[in-house]
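Peer 1: Please find run.cif (mmCIF, C-alpha atoms) on the next line:
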data_protein
loop_
_atom_site.label_atom_id
_atom_site.label_comp_id
_atom_site.auth_asym_id
_atom_site.auth_seq_id
_atom_site.Cartn_x
_atom_site.Cartn_y
_atom_site.Cartn_z
CA MET I 130 155.85 187.19 121.18
CA PRO I 131 158.87 187.99 123.38
CA LEU I 132 162.24 188.21 121.68
CA ARG I 133 164.87 185.82 123.06
CA ILE I 134 168.52 186.60 122.50
CA HIS I 135 171.15 183.85 122.67
CA PRO I 136 174.54 184.61 124.24
CA PHE I 137 176.05 183.31 120.97
CA SER I 138 174.46 183.72 117.56
CA ALA I 139 176.45 180.90 115.94
CA LEU I 140 174.79 177.51 115.59
CA GLY I 141 177.89 175.53 116.37
CA SER I 142 181.62 175.27 116.34
CA ALA I 143 183.88 172.40 115.33
CA LEU I 144 187.57 171.72 115.48
CA CYS I 145 188.94 169.69 112.57
CA VAL I 146 191.52 167.11 113.63
CA GLY I 147 192.39 164.98 110.62
CA LEU I 148 189.09 163.54 109.45
CA THR I 149 187.51 163.70 112.91
CA LEU I 150 185.31 166.64 113.93
CA ILE I 151 185.43 167.28 117.68
CA VAL I 152 182.68 169.54 119.02
CA PRO I 153 183.67 170.72 122.54
CA PHE I 154 181.19 171.40 125.34
CA GLY I 155 180.52 174.96 126.40
CA MET I 156 181.64 176.73 123.23
CA VAL I 157 178.02 177.51 122.38
CA ARG I 158 175.46 177.95 125.10
CA GLY I 159 171.72 177.47 124.64
CA ASP I 160 168.63 178.74 126.43
CA GLU I 161 168.29 178.45 130.18
CA MET I 162 165.60 176.15 131.50
CA THR I 163 162.56 178.08 132.67
CA GLY I 164 159.50 176.91 134.55
CA GLY I 165 156.86 175.32 132.32
CA GLU I 166 159.12 175.30 129.27
CA SER I 167 160.36 172.08 127.69
CA PRO I 168 164.16 171.74 127.78
CA SER I 169 165.87 172.36 124.45
CA PRO I 170 167.37 169.40 122.60
CA LEU I 171 170.97 168.87 121.57
CA THR I 172 170.98 168.41 117.79
CA VAL I 173 173.89 167.41 115.58
CA THR I 174 173.21 168.04 111.88
CA LEU I 175 175.43 166.15 109.44
CA GLN I 176 174.06 167.09 106.01
CA PRO I 177 174.70 169.22 104.02
CA GLN I 178 177.37 170.26 106.56
CA VAL I 179 178.22 169.47 110.17
CA THR I 180 176.64 171.90 112.66
CA THR I 181 175.36 171.73 116.22
CA SER I 182 172.48 173.45 117.91
CA PRO I 183 173.15 175.85 120.81
CA LEU I 184 174.14 173.69 123.76
CA PRO I 185 171.11 173.47 126.08
CA ALA I 186 171.33 174.35 129.77
CA TRP I 187 171.04 170.76 130.99
CA PHE I 188 173.94 169.79 128.72
CA VAL I 189 176.21 172.62 129.85
CA ALA I 190 175.39 172.13 133.54
CA SER I 191 176.31 168.44 133.40
CA ARG I 192 179.84 168.94 132.07
CA THR I 193 182.84 168.80 134.33
CA THR I 194 184.49 172.08 135.25
CA GLY I 195 187.95 172.96 134.07
CA PRO I 196 189.69 172.20 130.76
CA LEU I 197 188.42 169.28 128.72
CA SER I 198 191.28 166.95 127.99
CA SER I 199 189.35 163.79 127.10
CA THR I 200 187.38 163.16 123.92
CA SER I 201 184.83 161.26 126.06
CA ASP I 202 183.42 164.67 127.05
CA ARG I 203 182.90 165.84 123.47
CA VAL I 204 180.70 165.20 120.46
CA LEU I 205 182.73 163.24 117.91
CA VAL I 206 181.83 163.18 114.22
CA GLN I 207 184.07 160.58 112.56
CA PRO I 208 183.46 160.15 108.81
CA GLU I 209 186.44 157.80 108.58
CA SER I 210 184.59 155.31 110.80
CA ASP I 211 181.12 156.32 109.56
CA SER I 212 180.02 157.16 113.12
CA VAL I 213 178.87 159.90 115.48
CA THR I 214 179.39 159.73 119.25
CA ILE I 215 177.49 161.92 121.73
CA PRO I 216 178.23 161.99 125.47
CA VAL I 217 175.10 161.50 127.58
CA PRO I 218 174.98 162.97 131.10
CA ALA I 219 174.36 160.66 134.06
CA LEU I 220 170.70 160.61 135.03
CA ALA I 221 171.72 160.32 138.66
CA THR I 222 172.82 163.98 138.56
CA PHE I 223 169.34 165.30 137.65
CA ASP I 224 166.19 165.71 139.73
CA GLU I 225 163.63 166.31 136.95
CA ILE I 226 165.18 164.36 134.06
CA GLY I 227 164.41 160.64 134.19
CA ALA I 228 165.44 159.54 130.69
CA PHE I 229 166.87 160.72 127.37
CA ALA I 230 165.29 160.26 123.94
CA LEU I 231 167.56 159.93 120.90
CA THR I 232 166.06 160.62 117.44
CA VAL I 233 168.04 159.62 114.35
CA ILE I 234 167.07 160.82 110.85
CA PHE I 235 168.47 158.99 107.84
CA GLU I 236 167.80 158.12 104.22
CA ASP I 237 166.36 154.59 104.27
CA ASN I 238 167.05 152.53 101.14
CA GLY I 239 165.77 149.32 102.69
CA ASP I 240 169.22 148.14 103.81
CA GLY I 241 168.62 148.00 107.56
CA GLY I 242 169.52 151.52 108.64
CA PRO I 243 172.06 152.85 111.17
CA VAL I 244 173.39 150.82 114.10
CA VAL I 245 173.09 152.24 117.63
CA GLU I 246 175.40 151.26 120.51
CA TRP I 247 175.81 152.36 124.12
CA GLU I 248 179.27 152.89 125.62
CA PRO I 249 179.22 152.83 129.45
CA LYS I 250 181.83 154.79 131.37
CA ALA I 251 183.26 151.49 132.60
CA GLY I 252 184.09 150.54 129.00
CA GLY I 253 182.74 148.17 126.40
CA ARG I 254 179.71 148.49 124.12
CA ILE I 255 176.06 147.47 124.37
CA LEU I 256 174.07 146.98 121.15
CA LEU I 257 170.78 148.91 121.29
CA SER I 258 169.69 148.44 117.66
CA SER I 259 171.23 146.42 114.86
CA GLY I 260 169.40 148.60 112.33
CA LEU I 261 166.91 151.44 112.78
CA GLY I 262 165.31 150.78 109.38
CA ARG I 263 163.45 147.81 107.96
CA THR I 264 165.23 145.53 105.51
CA GLY I 265 163.60 145.45 102.08
CA LEU I 266 161.50 148.59 102.64
CA PRO I 267 163.05 151.69 100.96
CA ILE I 268 160.75 154.38 102.32
CA GLY I 269 163.28 157.19 101.79
CA LEU I 270 163.34 159.81 104.54
CA ASN I 271 163.01 157.89 107.81
CA ALA I 272 163.44 158.51 111.54
CA ARG I 273 163.54 156.42 114.69
CA THR I 274 163.49 157.38 118.37
CA LEU I 275 165.12 155.33 121.14
CA LEU I 276 164.68 155.81 124.88
CA LEU I 277 167.72 155.80 127.19
CA THR I 278 166.34 154.88 130.63
CA GLN I 279 167.91 154.78 134.09
CA SER I 280 168.74 151.10 133.73
CA LEU I 281 171.15 152.15 130.98
CA ASP I 282 172.21 155.72 131.72
CA LEU I 283 172.16 156.01 135.51
CA ASP I 284 175.92 156.74 135.61
CA GLY I 285 176.22 158.30 132.15
CA GLY I 286 178.07 157.19 129.06
CA ARG I 287 178.15 157.76 125.31
CA ILE I 288 175.75 156.92 122.49
CA ARG I 289 177.34 155.85 119.21
CA VAL I 290 175.47 155.81 115.88
CA SER I 291 177.19 154.29 112.84
CA PHE I 292 176.16 153.78 109.22
CA ALA I 293 178.95 151.76 107.62
CA GLY I 294 179.64 152.78 104.02
CA ARG I 295 176.55 155.01 103.99
CA PHE I 296 177.56 157.87 106.26
CA HIS I 297 176.34 160.44 103.72
CA ARG I 298 172.80 159.13 104.31
CA LEU I 299 172.95 159.83 108.05
CA LEU I 300 171.28 163.25 108.32
CA SER I 301 170.96 164.27 111.98
CA LEU I 302 170.83 163.15 115.62
CA SER I 303 168.84 164.81 118.39
CA LEU I 304 169.10 164.14 122.14
CA ARG I 305 166.18 165.29 124.32
CA PRO I 306 165.62 164.99 128.09
CA ALA I 307 162.37 163.40 129.27
CA LYS I 308 160.54 163.09 132.57
CA GLN I 309 159.83 159.65 133.96
CA MET I 310 156.10 159.34 134.71
CA ALA I 311 153.68 156.54 135.47
CA ILE I 312 150.81 156.11 133.00
CA ALA I 313 147.67 153.99 133.00
CA THR I 314 146.30 152.44 129.80
CA LEU I 315 142.98 150.85 128.89
CA ASP I 316 144.36 149.23 125.73
CA GLU I 317 145.86 145.87 126.62
CA SER I 318 147.25 145.42 123.11
CA PHE I 319 149.47 148.53 123.27
CA GLN I 320 152.21 149.30 125.78
CA PRO I 321 153.16 153.00 125.71
CA GLY I 322 156.83 153.89 125.88
CA LEU I 323 157.24 157.62 125.15
CA PHE I 324 154.77 160.51 124.92
CA VAL I 325 156.17 163.11 122.52
CA GLY I 326 153.32 165.64 122.49
CA ASN I 327 150.38 166.42 120.19
CA ASP I 328 148.66 163.19 121.35
CA ARG I 329 151.47 161.13 119.83
CA VAL I 330 152.64 158.10 121.78
CA ILE I 331 155.46 155.76 120.70
CA GLY I 332 155.22 152.13 121.78
CA ALA I 333 157.62 150.57 124.26
CA VAL I 334 158.90 148.07 121.69
CA GLU I 335 159.79 150.75 119.15
CA VAL I 336 161.71 152.97 121.60
CA SER I 337 163.61 149.93 122.90
CA GLY I 338 165.42 149.53 119.57
CA MET I 339 163.89 146.14 118.77
CA ASP I 340 162.09 145.45 115.51
CA GLU I 341 158.34 145.84 115.80
CA GLN I 342 156.28 142.76 114.97
CA LEU I 343 153.25 143.68 112.86
CA LYS I 344 149.98 142.18 114.06
CA HIS I 345 147.88 140.33 111.48
CA GLY I 346 144.30 139.09 111.51
CA ASP I 347 140.83 140.20 112.60
CA SER I 348 139.31 140.30 116.07
CA GLN I 349 135.98 141.01 117.72
CA LYS I 350 135.14 142.50 121.11
CA GLY I 351 131.43 142.67 121.74
CA ASP I 352 129.84 144.65 118.92
CA LEU I 353 133.18 146.10 117.76
CA ILE I 354 134.94 144.42 114.82
CA HIS I 355 138.63 145.04 114.18
CA ALA I 356 139.41 144.09 110.56
CA GLU I 357 142.88 144.07 109.02
CA LEU I 358 143.15 145.48 105.50
CA SER I 359 146.94 145.29 105.23
CA ALA I 360 149.36 145.25 108.16
CA SER I 361 152.43 145.03 105.92
CA PRO I 362 153.72 148.22 104.24
CA GLN I 363 152.40 148.98 100.74
CA ARG I 364 153.40 151.74 98.36
CA LEU I 365 150.52 154.08 97.60
CA ASP I 366 152.11 155.58 94.49
CA SER I 367 153.87 153.53 91.85
CA PRO I 368 156.50 154.22 89.17
CA GLN I 369 153.81 153.45 86.56
CA GLY I 370 151.94 156.58 87.62
CA GLU I 371 149.12 154.94 89.57
CA SER I 372 148.49 156.57 92.94
CA SER I 373 145.74 154.52 94.55
CA LEU I 374 145.09 151.27 96.39
CA GLU I 375 141.82 149.35 96.70
CA PHE I 376 140.72 147.03 99.50
CA VAL I 377 137.63 144.82 99.37
CA VAL I 378 135.78 144.13 102.63
CA PRO I 379 132.89 141.62 102.78
CA LEU I 380 130.17 142.46 105.32
CA SER I 381 127.20 140.34 106.30
CA THR I 382 125.56 143.33 108.01
CA PRO I 383 126.18 147.06 107.41
CA PRO I 384 127.73 148.68 110.50
CA LYS I 385 126.37 151.62 112.46
CA GLY I 386 129.68 153.43 112.09
CA SER I 387 133.31 152.76 111.26
CA TYR I 388 136.83 154.15 111.45
CA LEU I 389 139.72 153.76 109.02
CA HIS I 390 143.20 153.74 110.59
CA THR I 391 146.64 153.60 108.97
CA GLU I 392 150.21 154.90 109.20
CA VAL I 393 151.75 156.96 106.37
CA ALA I 394 155.38 157.63 105.44
CA GLY I 395 156.74 159.96 102.76
CA LEU I 396 153.62 162.14 102.45
CA ASP I 397 154.38 165.80 101.80
CA PRO I 398 152.58 167.99 104.41
CA SER I 399 150.92 169.87 101.53
CA SER I 400 149.44 166.66 100.05
CA TRP I 401 146.60 164.43 101.23
CA ILE I 402 145.00 161.00 100.74
CA LYS I 403 141.41 160.83 99.49
CA VAL I 404 139.13 158.01 100.66
CA GLU I 405 136.22 156.53 98.68
CA ILE I 406 133.77 153.93 99.95
CA ASN I 407 131.88 152.06 97.21
CA GLY I 408 132.68 154.85 94.76
CA ILE I 409 131.46 157.62 97.08
CA PRO I 410 134.06 160.18 98.27
CA CYS I 411 133.91 160.50 102.06
CA GLY I 412 136.83 162.83 102.80
CA ALA I 413 140.60 162.80 103.32
CA LEU I 414 142.62 160.95 105.89
CA GLY I 415 143.21 163.10 108.95
CA MET I 416 146.97 163.15 109.51
CA SER I 417 148.34 163.50 113.03
CA SER I 418 149.80 166.93 113.70
CA PHE I 419 153.37 167.57 114.79
CA PRO I 420 155.29 170.48 116.32
CA LEU I 421 157.19 172.46 113.70
CA ASP I 422 160.35 172.14 115.79
CA ASP I 423 160.00 168.37 116.14
CA PRO I 424 163.26 166.46 115.52
CA HIS I 425 161.43 164.56 112.77
CA VAL I 426 161.07 167.79 110.77
CA VAL I 427 163.58 168.18 107.95
CA LEU I 428 164.12 171.47 106.10
CA THR I 429 165.30 171.08 102.51
CA ASP I 430 166.19 173.49 99.72
CA PRO I 431 164.51 175.65 98.69
CA GLY I 432 162.62 176.08 101.97
CA LYS I 433 160.66 172.82 101.90
CA LEU I 434 159.47 171.20 105.12
CA LEU I 435 159.19 167.39 105.33
CA PHE I 436 158.39 164.93 108.10
CA ALA I 437 160.68 161.92 108.47
CA GLY I 438 159.21 158.58 109.45
CA TRP I 439 155.65 157.34 109.99
CA ARG I 440 152.59 159.42 110.90
CA GLN I 441 149.26 158.10 112.12
CA ALA I 442 146.15 158.86 110.08
CA SER I 443 142.45 158.10 110.47
CA LEU I 444 138.99 158.91 109.09
CA PHE I 445 135.46 158.33 110.38
CA VAL I 446 133.22 156.62 107.80
CA PRO I 447 129.41 156.84 108.27
CA GLY I 448 127.54 153.56 108.44
CA ASP I 449 125.19 154.36 105.56
CA LEU I 450 128.07 154.16 103.04
CA TRP I 451 128.41 150.41 103.63
CA LYS I 452 126.28 147.65 102.16
CA GLU I 453 125.76 143.95 102.63
CA GLY I 454 128.27 141.93 100.61
CA ASP I 455 131.57 143.16 99.14
CA ASN I 456 132.55 146.76 99.82
CA SER I 457 135.27 148.77 98.03
CA ILE I 458 137.73 151.03 99.90
CA VAL I 459 139.95 153.16 97.64
CA LEU I 460 142.81 155.33 98.93
CA SER I 461 144.08 157.87 96.39
CA LEU I 462 147.13 160.11 96.71
CA GLN I 463 146.47 163.78 95.94
CA ARG I 464 149.75 165.66 95.58
CA GLY I 465 149.71 169.35 96.51
CA ALA I 466 151.56 172.21 94.90
CA GLY I 467 155.27 171.88 95.44
CA ASP I 468 155.16 168.19 96.30
CA GLY I 469 158.58 166.69 95.66
CA SER I 470 157.06 163.38 94.45
CA GLN I 471 158.58 161.30 97.24
CA ALA I 472 157.48 157.69 97.49
CA VAL I 473 154.46 157.31 99.81
CA PHE I 474 153.86 154.17 101.88
CA ILE I 475 151.08 153.02 104.19
CA GLN I 476 151.12 150.28 106.82
CA LYS I 477 148.94 148.94 109.66
CA THR I 478 145.85 149.70 107.57
CA GLU I 479 142.71 148.52 109.37
CA MET I 480 138.99 149.17 109.83
CA ASP I 481 136.95 149.30 113.02
CA PHE I 482 133.23 148.47 112.58
CA LEU I 483 130.49 149.01 115.16
CA LEU I 484 127.81 146.40 114.47
CA PRO I 485 124.11 146.70 115.31
CA LYS I 486 122.99 145.32 118.66
CA SER I 487 121.48 142.29 116.91
CA GLY I 488 124.69 140.41 117.63
CA ALA I 489 125.83 140.00 114.04
CA SER I 490 129.50 139.20 113.54
CA ILE I 491 131.96 138.79 110.71
CA PRO I 492 131.83 135.30 109.16
CA SER I 493 135.40 134.41 110.13
CA LEU I 494 134.58 134.92 113.80
CA THR I 495 131.13 133.31 113.87
CA GLN I 496 131.07 130.17 116.02
CA ALA I 497 128.44 127.47 115.57
CA LEU I 498 126.22 127.04 118.64
CA PRO I 499 124.54 123.74 119.64
CA SER I 500 120.93 123.33 118.57
CA SER I 501 119.82 123.22 122.20
CA LEU I 502 121.43 124.50 125.33
CA PRO I 503 121.05 122.85 128.78
CA LEU I 504 118.71 124.73 131.06
CA PRO I 505 120.27 126.11 134.25
CA ALA I 506 119.26 124.61 137.58
CA PRO I 507 116.42 126.47 139.31
CA SER I 508 117.72 129.11 141.67
CA PRO I 509 116.41 129.47 145.24
CA ALA I 510 113.59 131.87 145.90
CA PRO I 511 114.78 135.49 146.08
CA GLN I 512 115.02 137.10 149.48
CA ALA I 513 113.75 140.56 150.20
CA VAL I 514 116.42 143.11 151.00
CA THR I 515 115.40 145.98 153.26
CA SER I 516 117.29 149.26 153.11
CA PRO I 517 118.58 150.65 156.41
CA SER I 518 116.21 152.96 158.23
CA PRO I 519 117.13 156.21 159.95
CA THR I 520 117.02 154.40 163.31
CA THR I 521 119.87 152.03 162.43
CA SER I 522 123.29 152.34 164.06
CA ASN I 523 125.82 154.96 163.02
CA ASP I 524 127.91 152.33 161.23
CA GLU I 525 124.97 151.46 158.97
CA MET I 526 123.71 154.97 158.24
CA LEU I 527 123.96 156.43 154.76
CA SER I 528 127.00 158.68 154.48
CA THR I 529 126.33 162.41 154.14
CA GLY I 530 130.00 163.18 153.59
CA SER I 531 130.27 165.11 156.89
CA LEU I 532 132.73 162.52 158.19
CA TYR I 533 135.10 163.62 155.39
CA GLY I 534 134.85 167.35 156.04
CA ASN I 535 131.81 168.10 153.82
CA PRO I 536 129.11 170.43 155.19
CA SER I 537 126.22 168.78 156.98
CA PRO I 538 122.95 168.54 155.00
CA ASP I 539 121.29 170.48 157.84
CA LEU I 540 123.02 173.62 156.64
CA PHE I 541 121.02 173.37 153.42
CA HIS I 542 117.72 172.57 155.21
CA ALA I 543 117.85 168.99 154.02
CA THR I 544 115.46 166.50 155.60
CA PRO I 545 116.64 163.05 156.66
CA PRO I 546 116.14 160.45 153.94
CA ALA I 547 113.01 158.38 154.24
CA SER I 548 113.18 154.60 154.36
CA LEU I 549 113.57 153.08 150.95
CA PRO I 550 110.90 150.58 149.92
CA PRO I 551 111.93 146.95 150.03
CA SER I 552 113.42 145.73 146.77
CA ILE I 553 113.63 142.31 145.30
CA VAL I 554 116.89 140.97 143.89
CA THR I 555 116.16 139.13 140.68
CA PRO I 556 118.44 136.32 139.47
#
Once more with this new file: its structure as structure tokens, please.
Peer 2:
Amino acid sequence: MPLRIHPFSALGSALCVGLTLIVPFGMVRGDEMTGGESPSPLTVTLQPQVTTSPLPAWFVASRTTGPLSSTSDRVLVQPESDSVTIPVPALATFDEIGAFALTVIFEDNGDGGPVVEWEPKAGGRILLSSGLGRTGLPIGLNARTLLLTQSLDLDGGRIRVSFAGRFHRLLSLSLRPAKQMAIATLDESFQPGLFVGNDRVIGAVEVSGMDEQLKHGDSQKGDLIHAELSASPQRLDSPQGESSLEFVVPLSTPPKGSYLHTEVAGLDPSSWIKVEINGIPCGALGMSSFPLDDPHVVLTDPGKLLFAGWRQASLFVPGDLWKEGDNSIVLSLQRGAGDGSQAVFIQKTEMDFLLPKSGASIPSLTQALPSSLPLPAPSPAPQAVTSPSPTTSNDEMLSTGSLYGNPSPDLFHATPPASLPPSIVTP
């Protein structure tokens, strides 16, 4: 692994003016952007002390030349107003950067979370999120990522994050540049907003700052059954010492295969969640991986690594573990060595069942059919369709690809195709 040396070894520098910490541009310089390498983020750490990461190249290059006389060009940490303000470069000045992603890490006690506002250069404020957390859900260590697109940041401005009366629970902010790319999706129920790597995609609603509406209920598409176990968040461990949850799923027909999906918050990376189907252990939930330098990663004393926010998890369940009638699904928390006993929550817990081709369906989706169906009107007699022969015109000949620059079949001693036998089109 090559050794990279920074021009400055310090992580940050701050000038104390009263109770306001002003972090100037250019005092610490980060890595230069190199081909094929993701640009470094700008990170402001607030706890246990205020520090900044080395200023990345895109951040330094965007600053105005000459002395900085305005606080609008600096990172402001203001404990007296419980806020942090970060200047965001204008997207119009970049060729490869099409948006910025802001990740905020905070301690979530179920009181709504930090407020995020945008301050355009022309003045005023635009509310992006009235609260990054969820009221009534104290999951502890939480994180949320918002996307600053060209419609907002074309000419630049400042992002302001405040946590009134709870500034000590605001842990860090990270600003990352992102490329704007078009993406196709086959899932009509999910609109992607931000791809963050390691097959992790954040939905467009979540990165917009709006509160996500949890989807409830079951659905069926062909032979695939989508069954909700619990969309709302539930705590997997409890103060009474119990560390398991049970779901009961009635099935009229055992499936050929199934998948368990959920999202988990608060799980120590050294711990896992065991799954049992009808009393039979079938493995542990497979947690989504994450880069070790992800902004969601929090390092605590003494040397512990935690992940803030929700992580997706899933497990394939063989069809022979299911039975006709009621089925038991038990999720049990298994804490690893060194687990700090944080509260663990799950949400969006659901099962996907692949039914046999017999057409069986879950009772709630079964529709009664009439005892007799009207017969369709007789269709006209089918007509024979004759394939084109080698003597047909050039416009009707089968393509050999030579018109598009491919070698002629004659080069490979290919013989012309014989006439295809007539075929009958059945209704």
Peer 1: Select, from I:Gly285, I:Gly351, I:Pro306, I:Pro447, the residue with the minimum atom-to-atom distance to Gly412 in chain I, counting all atoms listed in the file.
Peer 2: I:Pro447
Peer 1: Neighbouring residues of Phe292 in chain I were defined as those with any atom within 7 Å, considering only C-alpha atoms; residues of the same chain fewer than 4 positions away were excluded. Please report them as an NGL selection string.
Peer 2: :I and (211-212 or 243-244 or 296 or 299)
Peer 1: I'd like to know which of I:Glu246, I:Asp449, I:Glu392, I:Asp202 is closest to Cys411 in chain I, using all atoms listed in the file.
Peer 2: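 Looking only at the distances to Cys411 in chain I, the closest residue turns out to be I:Asp449.
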Peer 1: Give me the residues near range 452-466 of chain I as a PyMOL selection string, where near means some atom within 7 Å (using all atoms listed in the file) and where sequence neighbours in that chain fewer than 4 positions away do not count.
Peer 2: chain I and resi 365+372-383+399-407
Peer 1: Decode the PyMOL selection byres ((chain I and resi 480) around 7) for the given file into explicit residues and return them as a PDB file with C-alpha atoms, keeping the file's coordinate frame.
Peer 2:
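The resulting file, out26.pdb, is shown below:
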ATOM      1  CA  HIS I 355     138.630 145.040 114.180  1.00  0.00           C
ATOM      2  CA  ALA I 356     139.410 144.090 110.560  1.00  0.00           C
ATOM      3  CA  GLU I 357     142.880 144.070 109.020  1.00  0.00           C
ATOM      4  CA  SER I 387     133.310 152.760 111.260  1.00  0.00           C
ATOM      5  CA  TYR I 388     136.830 154.150 111.450  1.00  0.00           C
ATOM      6  CA  LEU I 389     139.720 153.760 109.020  1.00  0.00           C
ATOM      7  CA  HIS I 390     143.200 153.740 110.590  1.00  0.00           C
ATOM      8  CA  GLU I 479     142.710 148.520 109.370  1.00  0.00           C
ATOM      9  CA  ASP I 481     136.950 149.300 113.020  1.00  0.00           C
ATOM     10  CA  PHE I 482     133.230 148.470 112.580  1.00  0.00           C
TER      11      PHE I 482
END
Peer 1: Counting all atoms listed in the file, which residue out of I:Leu266, I:Ala251, I:Leu275, I:Val336 sits closest to Phe474 in chain I?
Peer 2: I:Leu266
Peer 1: Run through the PyMOL selection byres ((chain I and resi 283) around 7) on the given coordinates and return the selected residues as a ChimeraX atom specification.
Peer 2: /I:219-221,279-282,284-285
Peer 1: Using the chain letters and numbering of this document, enumerate as an NGL selection string the residues selected by the PyMOL selection byres ((chain I and resi 485) around 12).
Peer 2: :I and (351-354 or 381-387 or 448 or 482-484 or 486-490)
Peer 1: Could you tell me how far CA of Gly265 in chain I lies from CA of Val427 in chain I, in Å and to one decimal?
Peer 2: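 Between CA of Gly265 in chain I and CA of Val427 in chain I the gap is 23.5 Å.
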Peer 1: Which residue gives the smallest distance to Ala272 in chain I among I:Phe436, I:Trp187, I:Phe223, I:Phe319, with only C-alpha atoms counted?
Peer 2: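 Among I:Phe436, I:Trp187, I:Phe223, I:Phe319, it is I:Phe436 that comes nearest to Ala272 in chain I.
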Peer 1: Hey, which of I:Lys477, I:Arg305, I:Arg263, I:Arg298 ends up closest to Gln441 in chain I? Count all atoms listed in the file.
Peer 2: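 The shortest atom-to-atom distance to Gln441 in chain I comes from I:Lys477.
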Peer 1: What's around Gly241 in chain I at 6 Å? Count only C-alpha atoms, leave out sequence neighbours fewer than 2 positions away in its own chain, and write the answer as a list in words.
Peer 2: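 Listing them by chain and then by number gives Gly239, Gly260, Gly262, Arg263 and Thr264 of chain I.
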Peer 1: Got time to write the residues from that selection, C-alpha atoms, as a PDB file, keeping the file's coordinate frame?
Peer 2:
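Saved to again_26.pdb:
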ATOM      1  CA  GLY I 239     165.770 149.320 102.690  1.00  0.00           C
ATOM      2  CA  GLY I 260     169.400 148.600 112.330  1.00  0.00           C
ATOM      3  CA  GLY I 262     165.310 150.780 109.380  1.00  0.00           C
ATOM      4  CA  ARG I 263     163.450 147.810 107.960  1.00  0.00           C
ATOM      5  CA  THR I 264     165.230 145.530 105.510  1.00  0.00           C
TER       6      THR I 264
END
Peer 1: Take CA of Pro168 in chain I and CA of Gly438 in chain I and report the distance between them in Å, one decimal.
Peer 2: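 Spanning CA of Pro168 in chain I to CA of Gly438 in chain I is a straight-line distance of 23.1 Å.
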Peer 1: Quick one: pull the distance between CA of Thr278 in chain I and CA of Ala442 in chain I, Å, one decimal.
Peer 2: 29.1 Å
Peer 1: Within 7 Å of Ile234 in chain I, counting all atoms listed in the file, which residues qualify if same-chain residues fewer than 2 places away don't, as a list in words?
Peer 2: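 Listed by chain and then number, they are Thr232, Asn271, Ala272, Arg273, Leu299, Leu300, Ser301, Leu302 and Ala437 of chain I.
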Peer 1: Pick from I:Ser182, I:Thr214, I:Thr429, I:Gln476: nearest to His345 in chain I, with all atoms listed in the file counted?
Peer 2: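 Among I:Ser182, I:Thr214, I:Thr429, I:Gln476, it is I:Gln476 that comes nearest to His345 in chain I.
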Peer 1: Neighbourhood query: residues within 6 Å of (166.1, 161.1, 127.4), file coordinates, counting only C-alpha atoms; return as a list of chain:residue names.
Peer 2: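 I get I:Ala228, I:Phe229, I:Ala230, I:Leu277, I:Arg305, I:Pro306, I:Ala307 for the residues within 6 Å of that point.
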Peer 1: Write the residues you've just listed into a file as a PDB file, in the frame of the given file, and include C-alpha atoms for each of them.
Peer 2:
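As written to disk, result_34.pdb reads:
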ATOM      1  CA  ALA I 228     165.440 159.540 130.690  1.00  0.00           C
ATOM      2  CA  PHE I 229     166.870 160.720 127.370  1.00  0.00           C
ATOM      3  CA  ALA I 230     165.290 160.260 123.940  1.00  0.00           C
ATOM      4  CA  LEU I 277     167.720 155.800 127.190  1.00  0.00           C
ATOM      5  CA  ARG I 305     166.180 165.290 124.320  1.00  0.00           C
ATOM      6  CA  PRO I 306     165.620 164.990 128.090  1.00  0.00           C
ATOM      7  CA  ALA I 307     162.370 163.400 129.270  1.00  0.00           C
TER       8      ALA I 307
END
Peer 1: As JSON, please: the centre and edge lengths in Å, to one decimal, of an axis-aligned box enclosing every listed atom of range 269-273 of chain I with 5 Å added on each side.
Peer 2:
{"center_x": 163.3, "center_y": 158.1, "center_z": 108.2, "size_x": 10.5, "size_y": 13.4, "size_z": 22.9}
